[in-house]
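> Attaching a single structure in structure tokens format; questions to follow.
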Amino acid sequence: MYVCVCHGVTDKAISQAAQAGACSLAELARTLRVATGCGKCAELAQTLLEAAALTPPRAPVRLASAG
Ligand code: FES
């Protein structure tokens with residue numbers, strides 16, 4: 001789903017950015033240009049960013065074995 005129509009940014013792109021370390025709307029604005037046009041997407045982008053931060057990454061975490 002498109003979140004930012006002005007710059008063609010999807011919810012998936014925001015989720016991927018969050019999993020890559022983006023942790024603020026300002027960071028999304030800098031990397032994806034979210035909310036740098038009309039600004040109508042800012043609230044939804046923020047909500048999606050917060051939801052992505054609460055979702056664990058899909059890839060399993062491999063723990064180093066001792067010994
Ligand atoms: S919809 Fe994102 S800046 Fe306009």
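Every chain in the structure tokens takes a letter, A first, then B, and so on in the order presented; its residues are numbered from 1, and the ligands are numbered from 1 following the presented order.
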Check the DSSP output for the backbone and give back, as number ranges by chain, the residues of range 2-41 of chain A in helix (DSSP H, G or I).

A: 11-19, 25-32

> Filtering to N, CA and C atoms, could you give me those residues as a PDB file, in the first residue's frame?


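Result went into result-v1.pdb, see below:
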ATOM      1  N   ASP A  11       4.253   0.987   2.448  1.00  0.00           N
ATOM      2  CA  ASP A  11       4.391   0.521   3.830  1.00  0.00           C
ATOM      3  C   ASP A  11       5.537  -0.473   3.948  1.00  0.00           C
ATOM      4  N   LYS A  12       5.752  -1.263   2.916  1.00  0.00           N
ATOM      5  CA  LYS A  12       6.847  -2.236   2.927  1.00  0.00           C
ATOM      6  C   LYS A  12       8.200  -1.525   2.977  1.00  0.00           C
ATOM      7  N   ALA A  13       8.333  -0.445   2.219  1.00  0.00           N
ATOM      8  CA  ALA A  13       9.595   0.309   2.225  1.00  0.00           C
ATOM      9  C   ALA A  13       9.856   0.904   3.606  1.00  0.00           C
ATOM     10  N   ILE A  14       8.807   1.372   4.271  1.00  0.00           N
ATOM     11  CA  ILE A  14       8.970   1.931   5.613  1.00  0.00           C
ATOM     12  C   ILE A  14       9.368   0.837   6.587  1.00  0.00           C
ATOM     13  N   SER A  15       8.730  -0.332   6.464  1.00  0.00           N
ATOM     14  CA  SER A  15       9.061  -1.457   7.331  1.00  0.00           C
ATOM     15  C   SER A  15      10.513  -1.884   7.130  1.00  0.00           C
ATOM     16  N   GLN A  16      10.945  -1.942   5.876  1.00  0.00           N
ATOM     17  CA  GLN A  16      12.331  -2.323   5.583  1.00  0.00           C
ATOM     18  C   GLN A  16      13.308  -1.291   6.143  1.00  0.00           C
ATOM     19  N   ALA A  17      12.949  -0.019   6.031  1.00  0.00           N
ATOM     20  CA  ALA A  17      13.815   1.035   6.566  1.00  0.00           C
ATOM     21  C   ALA A  17      13.921   0.919   8.086  1.00  0.00           C
ATOM     22  N   ALA A  18      12.796   0.602   8.723  1.00  0.00           N
ATOM     23  CA  ALA A  18      12.806   0.435  10.183  1.00  0.00           C
ATOM     24  C   ALA A  18      13.686  -0.737  10.581  1.00  0.00           C
ATOM     25  N   GLN A  19      13.578  -1.835   9.841  1.00  0.00           N
ATOM     26  CA  GLN A  19      14.392  -3.004  10.174  1.00  0.00           C
ATOM     27  C   GLN A  19      15.868  -2.770   9.863  1.00  0.00           C
ATOM     28  N   LEU A  25      10.867   9.700  12.247  1.00  0.00           N
ATOM     29  CA  LEU A  25      10.263  10.227  11.020  1.00  0.00           C
ATOM     30  C   LEU A  25      11.281  11.064  10.243  1.00  0.00           C
ATOM     31  N   ALA A  26      12.136  11.764  10.954  1.00  0.00           N
ATOM     32  CA  ALA A  26      13.169  12.572  10.301  1.00  0.00           C
ATOM     33  C   ALA A  26      14.103  11.685   9.481  1.00  0.00           C
ATOM     34  N   GLU A  27      14.386  10.506  10.006  1.00  0.00           N
ATOM     35  CA  GLU A  27      15.255   9.586   9.281  1.00  0.00           C
ATOM     36  C   GLU A  27      14.553   9.056   8.031  1.00  0.00           C
ATOM     37  N   LEU A  28      13.258   8.760   8.159  1.00  0.00           N
ATOM     38  CA  LEU A  28      12.491   8.329   6.986  1.00  0.00           C
ATOM     39  C   LEU A  28      12.454   9.441   5.947  1.00  0.00           C
ATOM     40  N   ALA A  29      12.320  10.660   6.406  1.00  0.00           N
ATOM     41  CA  ALA A  29      12.291  11.799   5.488  1.00  0.00           C
ATOM     42  C   ALA A  29      13.618  11.914   4.743  1.00  0.00           C
ATOM     43  N   ARG A  30      14.697  11.695   5.453  1.00  0.00           N
ATOM     44  CA  ARG A  30      16.022  11.816   4.844  1.00  0.00           C
ATOM     45  C   ARG A  30      16.290  10.672   3.864  1.00  0.00           C
ATOM     46  N   THR A  31      15.886   9.451   4.220  1.00  0.00           N
ATOM     47  CA  THR A  31      16.222   8.300   3.379  1.00  0.00           C
ATOM     48  C   THR A  31      15.192   8.022   2.292  1.00  0.00           C
ATOM     49  N   LEU A  32      13.898   8.183   2.618  1.00  0.00           N
ATOM     50  CA  LEU A  32      12.845   7.842   1.654  1.00  0.00           C
ATOM     51  C   LEU A  32      12.077   9.052   1.143  1.00  0.00           C
TER      52      LEU A  32
END

> Compute the set of protein, DNA and RNA residues whose minimum atom distance to ligand 1 is at most 9 Å, using only C-alpha atoms and all ligand atoms, and state it as a PyMOL selection string.

chain A and resi 2-9+33-42+45

> Could you list, as a short mmCIF file (atom, residue, chain, number, x, y, z; two decimals) with N, CA and C atoms, in the first residue's frame, every residue within 10 Å of Glu50 in chain A, counting only C-alpha atoms and ignoring same-chain residues fewer than 2 positions away?


data_model
loop_
_atom_site.label_atom_id
_atom_site.label_comp_id
_atom_site.auth_asym_id
_atom_site.auth_seq_id
_atom_site.Cartn_x
_atom_site.Cartn_y
_atom_site.Cartn_z
N SER A 15 8.73 -0.33 6.46
CA SER A 15 9.06 -1.46 7.33
C SER A 15 10.51 -1.88 7.13
N ALA A 18 12.80 0.60 8.72
CA ALA A 18 12.81 0.44 10.18
C ALA A 18 13.69 -0.74 10.58
N CYS A 23 14.77 5.01 12.89
CA CYS A 23 14.02 5.04 14.15
C CYS A 23 13.28 6.35 14.36
N SER A 24 13.19 7.19 13.34
CA SER A 24 12.45 8.44 13.50
C SER A 24 11.87 8.87 12.16
N LEU A 25 10.87 9.70 12.25
CA LEU A 25 10.26 10.23 11.02
C LEU A 25 11.28 11.06 10.24
N LEU A 44 0.68 8.58 9.40
CA LEU A 44 0.65 7.14 9.09
C LEU A 44 2.07 6.57 9.04
N ALA A 45 3.00 7.31 8.47
CA ALA A 45 4.39 6.84 8.42
C ALA A 45 4.94 6.64 9.83
N GLN A 46 4.62 7.57 10.71
CA GLN A 46 5.08 7.46 12.11
C GLN A 46 4.48 6.22 12.76
N THR A 47 3.19 5.99 12.54
CA THR A 47 2.52 4.82 13.10
C THR A 47 3.15 3.53 12.58
N LEU A 48 3.40 3.46 11.28
CA LEU A 48 4.01 2.27 10.69
C LEU A 48 5.43 2.06 11.21
N ALA A 52 6.61 -1.24 13.16
CA ALA A 52 7.74 -2.04 12.66
C ALA A 52 8.80 -2.22 13.74
N ALA A 53 8.94 -1.22 14.58
CA ALA A 53 9.93 -1.30 15.65
C ALA A 53 9.53 -2.35 16.68
N LEU A 54 8.24 -2.62 16.79
CA LEU A 54 7.74 -3.61 17.75
C LEU A 54 7.72 -5.02 17.17
N THR A 55 7.93 -5.12 15.84
CA THR A 55 7.88 -6.41 15.17
C THR A 55 9.30 -6.97 15.05
#
